[in-house]
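Visitor: Sending over query_5.txt (compact mmCIF, C-alpha atoms).
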# COMPACT_ATOMS: atom_id res chain seq x y z
CA MET A 97 113.60 35.09 29.86
CA ARG A 98 114.99 31.67 30.65
CA VAL A 99 117.00 31.35 33.86
CA SER A 100 119.80 28.82 34.02
CA ARG A 101 120.17 26.33 36.85
CA ALA A 102 123.31 28.08 38.09
CA GLU A 103 121.51 31.44 38.29
CA ARG A 104 118.56 29.85 40.08
CA THR A 105 120.90 28.17 42.55
CA MET A 106 122.72 31.45 43.18
CA ASN A 107 119.41 33.26 43.75
CA TYR A 108 118.31 30.68 46.32
CA ALA A 109 121.70 30.81 48.02
CA ILE A 110 121.49 34.60 48.37
CA LEU A 111 117.93 34.38 49.67
CA LEU A 112 118.96 31.76 52.22
CA VAL A 113 121.80 33.97 53.45
CA PHE A 114 119.48 36.96 53.94
CA ALA A 115 116.86 34.73 55.56
CA ALA A 116 119.48 33.46 58.00
CA PHE A 117 120.47 37.03 58.89
CA ALA A 118 116.80 37.89 59.49
CA LEU A 119 115.89 34.76 61.45
CA ALA A 120 119.02 34.45 63.59
CA PRO A 121 118.09 37.20 66.12
CA ILE A 122 114.53 35.89 66.37
CA LEU A 123 115.66 32.33 67.00
CA LEU A 124 118.24 33.56 69.51
CA ILE A 125 115.59 35.43 71.53
CA LEU A 126 113.21 32.46 71.41
CA GLY A 127 115.98 30.11 72.48
CA THR A 128 116.95 32.39 75.35
CA ALA A 129 113.30 32.74 76.40
CA LEU A 130 113.03 28.94 76.66
CA SER A 131 116.35 28.51 78.45
CA PRO A 132 116.45 27.65 82.18
CA GLN A 133 116.36 30.43 84.72
CA ILE A 134 119.12 30.80 87.30
CA GLY A 135 119.11 27.65 89.43
CA ALA A 136 116.77 25.70 87.12
CA THR A 137 117.57 22.58 85.12
CA GLY A 138 116.26 21.05 81.93
CA PRO A 139 116.47 22.04 78.26
CA LEU A 140 113.16 23.82 77.61
CA HIS A 141 111.17 26.00 80.01
CA PRO A 142 107.94 27.36 78.46
CA GLU A 143 106.85 28.37 81.95
CA ASN A 144 109.18 31.36 81.56
CA PHE A 145 106.43 33.08 79.59
CA VAL A 146 103.94 32.55 82.43
CA ASP A 147 106.45 33.86 84.97
CA ALA A 148 107.26 36.91 82.83
CA TRP A 149 103.56 37.62 82.26
CA THR A 150 102.78 37.41 85.98
CA ILE A 151 105.82 39.20 87.38
CA GLY A 152 105.94 41.92 84.73
CA GLY A 153 102.20 42.63 84.76
CA PHE A 154 102.09 42.53 80.98
CA GLY A 155 98.34 41.97 80.94
CA ARG A 156 97.66 45.58 81.94
CA SER A 157 100.39 47.12 79.77
CA LEU A 158 99.30 45.14 76.71
CA GLY A 159 95.72 46.21 77.32
CA ILE A 160 96.75 49.88 77.48
CA SER A 161 98.73 49.54 74.26
CA LEU A 162 95.74 47.91 72.55
CA ALA A 163 93.51 50.75 73.78
CA VAL A 164 95.90 53.36 72.40
CA ALA A 165 96.16 51.51 69.09
CA ALA A 166 92.35 51.23 68.93
CA ILE A 167 92.22 55.04 69.12
CA VAL A 168 95.17 55.90 66.89
CA VAL A 169 94.77 53.46 63.99
CA PRO A 170 91.09 54.07 63.03
CA THR A 171 91.30 57.81 63.63
CA ALA A 172 94.51 58.23 61.64
CA LEU A 173 93.11 56.05 58.85
CA VAL A 174 89.89 58.06 58.49
CA LEU A 175 91.75 61.38 58.55
CA SER A 176 94.39 60.12 56.12
CA LEU A 177 91.71 58.92 53.70
CA GLY A 178 90.16 62.39 53.70
CA THR A 179 93.38 64.35 53.34
CA GLY A 180 94.89 61.89 50.86
CA TYR A 181 91.76 62.09 48.73
CA ALA A 182 91.74 65.90 48.83
CA PHE A 183 95.42 66.32 47.96
CA GLY A 184 95.43 63.45 45.48
CA THR A 185 92.35 64.23 43.39
CA MET A 186 91.51 67.91 43.92
CA ARG A 187 93.17 71.16 42.91
CA PHE A 188 92.43 74.15 45.13
CA PRO A 189 94.25 77.38 46.12
CA GLY A 190 96.99 76.80 48.64
CA SER A 191 97.02 73.02 48.27
CA GLY A 192 100.78 72.96 47.79
CA VAL A 193 101.41 75.03 50.92
CA LEU A 194 98.99 72.97 52.99
CA PHE A 195 100.56 69.72 51.81
CA ALA A 196 104.01 71.03 52.74
CA LEU A 197 102.73 71.90 56.22
CA VAL A 198 101.33 68.38 56.63
CA MET A 199 104.65 66.93 55.54
CA LEU A 200 106.36 68.75 58.40
CA GLY A 201 105.00 65.96 60.56
CA LEU A 202 107.37 63.60 58.75
CA MET A 203 110.36 65.92 58.91
CA ILE A 204 110.28 67.02 62.55
CA PRO A 205 111.30 64.24 64.97
CA SER A 206 109.17 63.69 68.05
CA GLU A 207 112.23 64.31 70.25
CA ALA A 208 112.22 67.95 69.14
CA ILE A 209 108.61 68.68 70.13
CA VAL A 210 107.79 66.24 72.92
CA ILE A 211 108.73 68.63 75.78
CA PRO A 212 106.73 71.69 74.62
CA LEU A 213 103.92 69.31 73.66
CA PHE A 214 103.93 67.93 77.19
CA PHE A 215 103.49 71.41 78.69
CA ASP A 216 100.68 72.18 76.25
CA LEU A 217 98.83 68.99 77.15
CA ARG A 218 99.46 69.56 80.85
CA THR A 219 97.89 73.02 80.55
CA LEU A 220 94.83 71.36 79.04
CA GLY A 221 94.78 68.77 81.82
CA LEU A 222 95.36 65.85 79.45
CA THR A 223 98.56 64.36 80.83
CA ASP A 224 98.26 60.88 82.29
CA THR A 225 95.35 60.14 79.95
CA LEU A 226 94.95 57.99 76.86
CA ALA A 227 94.39 61.17 74.85
CA ALA A 228 97.86 62.47 75.76
CA VAL A 229 99.42 59.27 74.41
CA ALA A 230 97.16 58.90 71.38
CA LEU A 231 96.80 62.45 70.00
CA PRO A 232 100.50 63.07 69.17
CA GLN A 233 100.69 59.68 67.48
CA ILE A 234 97.56 60.41 65.47
CA ALA A 235 99.19 63.60 64.19
CA GLN A 236 102.36 61.75 63.23
CA SER A 237 100.45 58.94 61.54
CA VAL A 238 98.21 61.31 59.58
CA ALA A 239 101.28 63.00 58.08
CA PHE A 240 102.56 59.72 56.65
CA GLY A 241 99.06 58.51 55.78
CA THR A 242 98.38 61.67 53.79
CA PHE A 243 101.58 61.23 51.81
CA TRP A 244 100.95 57.51 51.27
CA LEU A 245 97.31 57.76 50.15
CA ARG A 246 97.89 60.92 48.11
CA THR A 247 100.34 58.93 46.01
CA GLN A 248 97.86 56.07 45.75
CA PHE A 249 94.90 58.22 44.72
CA ARG A 250 96.94 60.28 42.24
CA SER A 251 97.84 57.06 40.44
CA MET A 252 94.18 56.10 39.95
CA PRO A 253 92.86 56.54 36.39
CA ARG A 254 91.20 59.91 35.85
CA ASP A 255 88.54 58.18 33.76
CA LEU A 256 87.39 56.39 36.91
CA LEU A 257 86.81 59.66 38.74
CA GLU A 258 85.11 61.24 35.75
CA ALA A 259 82.79 58.25 35.36
CA ALA A 260 81.85 58.48 39.03
CA ALA A 261 81.10 62.20 38.64
CA LEU A 262 78.92 61.52 35.57
CA ASP A 263 76.98 58.94 37.57
CA GLY A 264 76.24 61.59 40.17
CA ALA A 265 78.60 60.32 42.88
CA GLY A 266 79.75 62.97 45.31
CA PRO A 267 83.23 63.15 46.84
CA LEU A 268 82.33 61.00 49.85
CA ARG A 269 80.68 58.30 47.76
CA THR A 270 83.54 58.34 45.26
CA LEU A 271 86.02 57.83 48.08
CA THR A 272 84.13 55.13 49.99
CA ARG A 273 82.63 53.19 47.08
CA ILE A 274 85.29 53.46 44.36
CA LEU A 275 88.73 54.65 45.47
CA ALA A 276 88.96 52.98 48.88
CA PRO A 277 88.01 49.46 47.66
CA ALA A 278 90.42 49.79 44.73
CA SER A 279 93.18 50.87 47.14
CA ARG A 280 92.76 48.04 49.66
CA PRO A 281 96.43 46.87 49.61
CA ALA A 282 97.69 50.42 50.23
CA ILE A 283 95.15 50.92 53.03
CA VAL A 284 96.06 47.60 54.68
CA THR A 285 99.74 48.54 54.47
CA LEU A 286 98.97 51.86 56.16
CA ILE A 287 97.03 50.06 58.92
CA VAL A 288 99.87 47.64 59.59
CA LEU A 289 102.52 50.37 59.66
CA THR A 290 100.42 52.63 61.89
CA PHE A 291 99.71 49.82 64.31
CA MET A 292 103.37 48.83 64.42
CA TRP A 293 104.56 52.40 65.05
CA THR A 294 101.88 52.97 67.68
CA TRP A 295 102.66 49.72 69.45
CA ASN A 296 106.40 50.37 69.54
CA GLU A 297 106.19 54.05 70.54
CA PHE A 298 108.23 54.63 73.69
CA LEU A 299 109.13 58.31 74.12
CA ILE A 300 105.65 59.83 73.85
CA ALA A 301 104.14 57.28 76.22
CA LEU A 302 106.98 57.86 78.68
CA VAL A 303 106.78 61.67 78.72
CA MET A 304 103.00 62.06 78.55
CA THR A 305 102.32 59.74 81.51
CA PRO A 306 104.72 60.95 84.23
CA SER A 307 102.86 59.08 86.99
CA GLY A 308 103.33 55.75 85.22
CA SER A 309 99.62 54.93 85.55
CA LEU A 310 99.28 54.29 81.80
CA ARG A 311 102.31 52.16 81.13
CA THR A 312 102.24 50.81 77.58
CA ALA A 313 103.84 47.53 76.53
CA PRO A 314 107.28 49.00 75.63
CA LEU A 315 107.35 50.90 78.93
CA GLY A 316 106.33 47.79 80.83
CA LEU A 317 109.09 45.82 79.12
CA ALA A 318 111.69 48.49 79.93
CA THR A 319 110.64 48.49 83.60
CA PHE A 320 110.66 44.71 83.69
CA GLN A 321 114.13 44.52 82.16
CA GLY A 322 115.40 47.07 84.66
CA GLN A 323 114.26 44.85 87.53
CA TYR A 324 115.56 41.57 86.13
CA THR A 325 118.79 42.48 84.39
CA ALA A 326 120.47 39.23 85.45
CA GLU A 327 117.61 36.94 84.38
CA THR A 328 118.01 36.84 80.61
CA ALA A 329 115.42 34.09 80.18
CA LEU A 330 112.66 36.20 81.74
CA MET A 331 113.74 39.33 79.85
CA SER A 332 113.64 37.45 76.54
CA ALA A 333 110.25 35.96 77.38
CA GLY A 334 108.94 39.44 78.11
CA ALA A 335 110.30 40.73 74.80
CA VAL A 336 108.55 37.90 72.94
CA ILE A 337 105.26 38.68 74.70
CA VAL A 338 105.45 42.37 73.75
CA ALA A 339 106.40 41.67 70.13
CA LEU A 340 103.82 38.91 69.60
CA PRO A 341 100.78 41.12 68.72
CA VAL A 342 102.72 42.91 65.97
CA VAL A 343 103.99 39.60 64.58
CA ILE A 344 100.50 38.09 64.57
CA GLY A 345 99.03 41.16 62.88
CA TYR A 346 101.71 41.10 60.20
CA LEU A 347 101.28 37.36 59.54
CA LEU A 348 97.53 37.77 59.13
CA LEU A 349 97.87 40.69 56.71
CA GLN A 350 101.21 39.97 55.07
CA ARG A 351 99.77 39.26 51.62
CA HIS A 352 98.05 42.65 51.42
CA PHE A 353 100.98 44.35 53.15
CA ILE A 354 103.57 43.08 50.66
CA ARG A 355 101.31 43.88 47.73
CA GLY A 356 100.76 47.40 49.03
CA MET A 357 104.47 47.97 49.54
CA LEU A 358 105.28 46.74 46.03
CA GLU A 359 102.59 48.96 44.52
CA GLY A 360 103.91 51.91 46.53
CA VAL A 361 107.44 51.35 45.25
CA SER A 362 106.28 51.11 41.62
CA LYS A 363 104.18 54.27 41.94
CA GLY A 364 106.88 56.20 43.79
Will you turn the file into structure tokens for me?

Guide:
Amino acid sequence: MRVSRAERTMNYAILLVFAAFALAPILLILGTALSPQIGATGPLHPENFVDAWTIGGFGRSLGISLAVAAIVVPTALVLSLGTGYAFGTMRFPGSGVLFALVMLGLMIPSEAIVIPLFFDLRTLGLTDTLAAVALPQIAQSVAFGTFWLRTQFRSMPRDLLEAAALDGAGPLRTLTRILAPASRPAIVTLIVLTFMWTWNEFLIALVMTPSGSLRTAPLGLATFQGQYTAETALMSAGAVIVALPVVIGYLLLQRHFIRGMLEGVSKG
């Protein structure tokens, strides 16, 4: 269908307006992060990032967040691949009930279970450990991952699965050699979303580490902002430091992420 010049111009104008809405907060934070601190002079101050890094101790908090993400993302991905494959390609007694139970992880907010979960983990002696921060997030991520990959695997052609069975491929080989490579955009999308949710998680990390010995990046930023409420330049620099890993990860994987999201929408 041929698009007129007026329609094309209107489309670009609308896109520019939405882009401005999306970029304005980012540019504002970057501008504030480069602004002079109280008593300083000059237009640009990139040393604010060095000061925020040193004063806020973001090296340790970023390292803890990376350690938690290194546990949550691969574990949730492997478990989600297994459950998504089972619910998406197999029919067995009780599958509907089991899938509904898994979906409870999407329906129940973490605020409703974090306190009893804390007492359970404390009884097991797991509070103030990486496991206490990672295990609840693995459970939450597996619930979404199961739903996401079940939809992906159910949309795969049945002929593909039948051909794999005729060639003698078992369930594990079918998943790892056929379905997983064909579902790469959906898997990359799941990885990006899981990493983003894990990185930004605040409540679980706060409750499960009462001593503050395992302060993740969001907790470190909150503590830093509480100490320097009057120094907006340092607070903005700290926010940029904490958000940078997620931004870098998204930029590196954005092509697969967007493709996976579009495929998910069309299959939903």

Visitor: Could you jot down the atom CA of Ala318 of chain A to atom CA of Ser157 of chain A separation for me, Å, one decimal place?

Guide: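 A separation of 11.4 Å between them.
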
Visitor: Fewer than 6 positions away in the same chain doesn't count, so skip those; otherwise give me all residues within 8 Å of Val303 of chain A, counting all atoms listed in the file, as a list in words.

Guide: Val210, Ile211 and Phe214 of chain A

Visitor: Rounded to one decimal, what separation in Å do you get between atom CA of Ile337 of chain A and atom CA of Val146 of chain A?

Guide: 10.0 Å

Visitor: How many Å lie between atom CA of Ala196 of chain A and atom CA of Thr290 of chain A, rounded to one decimal?

Guide: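 Spanning atom CA of Ala196 of chain A to atom CA of Thr290 of chain A is a straight-line distance of 20.9 Å.
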
Visitor: For a quick check of understanding, using only C-alpha atoms, which of A:Leu194, A:Leu158, A:Ile344, A:Ile151 has the smallest distance to Leu315 of chain A?

Guide: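 Nearest candidate to Leu315 of chain A out of A:Leu194, A:Leu158, A:Ile344, A:Ile151: A:Leu158.
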
Visitor: Using all atoms listed in the file, which residues of segment 278-349 of chain A come within 10 Å of segment 246-251 of chain A, and what is the closest atom pair for each, with the distance in Å to one decimal? Give it as CSV, sorted by chain and residue number.

Guide:
residue,atom,partner,partner_atom,distance
A:Ala278,CA,A:Phe249,CA,9.5
A:Ser279,CA,A:Gln248,CA,7.1
A:Ala282,CA,A:Gln248,CA,7.2
A:Ile283,CA,A:Gln248,CA,9.3

Visitor: With C-alpha atoms kept, could you save the residues just selected as a PDB file, in the coordinates of the input?

Guide:
ATOM      1  CA  ALA A 278      90.420  49.790  44.730  1.00  0.00           C
ATOM      2  CA  SER A 279      93.180  50.870  47.140  1.00  0.00           C
ATOM      3  CA  ALA A 282      97.690  50.420  50.230  1.00  0.00           C
ATOM      4  CA  ILE A 283      95.150  50.920  53.030  1.00  0.00           C
TER       5      ILE A 283
END

Visitor: When you look at segment 132-141 of chain A with a cut-off of 9 Å (counting only C-alpha atoms), what residues show up, excluding the ones that are within fewer than 6 positions of it in the same chain? I need them as a ChimeraX atom specification.

Guide: /A:326-330

Visitor: Any idea what's packed within 12 Å of Val343 of chain A, counting only C-alpha atoms, ignoring anything in its chain fewer than 2 positions away? Could you give it as a short mmCIF file (atom, residue, chain, number, x, y, z; two decimals) with C-alpha atoms, in the frame of the given file?

Guide:
data_model
loop_
_atom_site.label_atom_id
_atom_site.label_comp_id
_atom_site.auth_asym_id
_atom_site.auth_seq_id
_atom_site.Cartn_x
_atom_site.Cartn_y
_atom_site.Cartn_z
CA ILE A 122 114.53 35.89 66.37
CA VAL A 288 99.87 47.64 59.59
CA LEU A 289 102.52 50.37 59.66
CA PHE A 291 99.71 49.82 64.31
CA MET A 292 103.37 48.83 64.42
CA TRP A 295 102.66 49.72 69.45
CA VAL A 336 108.55 37.90 72.94
CA ILE A 337 105.26 38.68 74.70
CA VAL A 338 105.45 42.37 73.75
CA ALA A 339 106.40 41.67 70.13
CA LEU A 340 103.82 38.91 69.60
CA PRO A 341 100.78 41.12 68.72
CA GLY A 345 99.03 41.16 62.88
CA TYR A 346 101.71 41.10 60.20
CA LEU A 347 101.28 37.36 59.54
CA LEU A 348 97.53 37.77 59.13
CA LEU A 349 97.87 40.69 56.71
CA GLN A 350 101.21 39.97 55.07
#

Visitor: Find, counting all atoms listed in the file, the residue in A:Gly308, A:Gly201, A:Gly152, A:Gly266 that gets nearest to Thr225 of chain A.

Guide: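 Answer, going by the shortest atom-to-atom distance: A:Gly308.
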
Visitor: Determine the nearest neighbour of Ser309 of chain A from the options A:Asp224, A:Asp147, A:Asp263, A:Glu103, counting only C-alpha atoms.

Guide: A:Asp224

Visitor: Closest to Leu124 of chain A among A:Pro205, A:Ser332, A:Val342, A:Ile167, using only C-alpha atoms?

Guide: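 Checking each of A:Pro205, A:Ser332, A:Val342, A:Ile167 against Leu124 of chain A, counting only C-alpha atoms, the winner is A:Ser332.
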
Visitor: Which is closest to Pro314 of chain A among A:Ala102, A:His352, A:Phe154, A:Ala109, if we use all atoms listed in the file?

Guide: A:Phe154

Visitor: In file coordinates, which residues lie within 12 Å of (83.5, 60.3, 46.1) using only C-alpha atoms, given as a list of chain:residue names?

Guide: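 The requested residues, written out, are A:Leu177, A:Gly178, A:Tyr181, A:Ala182, A:Thr185, A:Met186, A:Phe249, A:Leu256, A:Leu257, A:Glu258, A:Ala259, A:Ala260, A:Ala261, A:Leu262, A:Asp263, A:Gly264, A:Ala265, A:Gly266, A:Pro267, A:Leu268, A:Arg269, A:Thr270, A:Leu271, A:Thr272, A:Arg273, A:Ile274, A:Leu275, A:Ala276, A:Pro277.
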
Visitor: Using all atoms listed in the file, which residue out of A:Asn144, A:Thr305, A:Ser191, A:Thr171 lies closest to Leu231 of chain A?

Guide: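 Closest to Leu231 of chain A of all the choices is A:Thr171.
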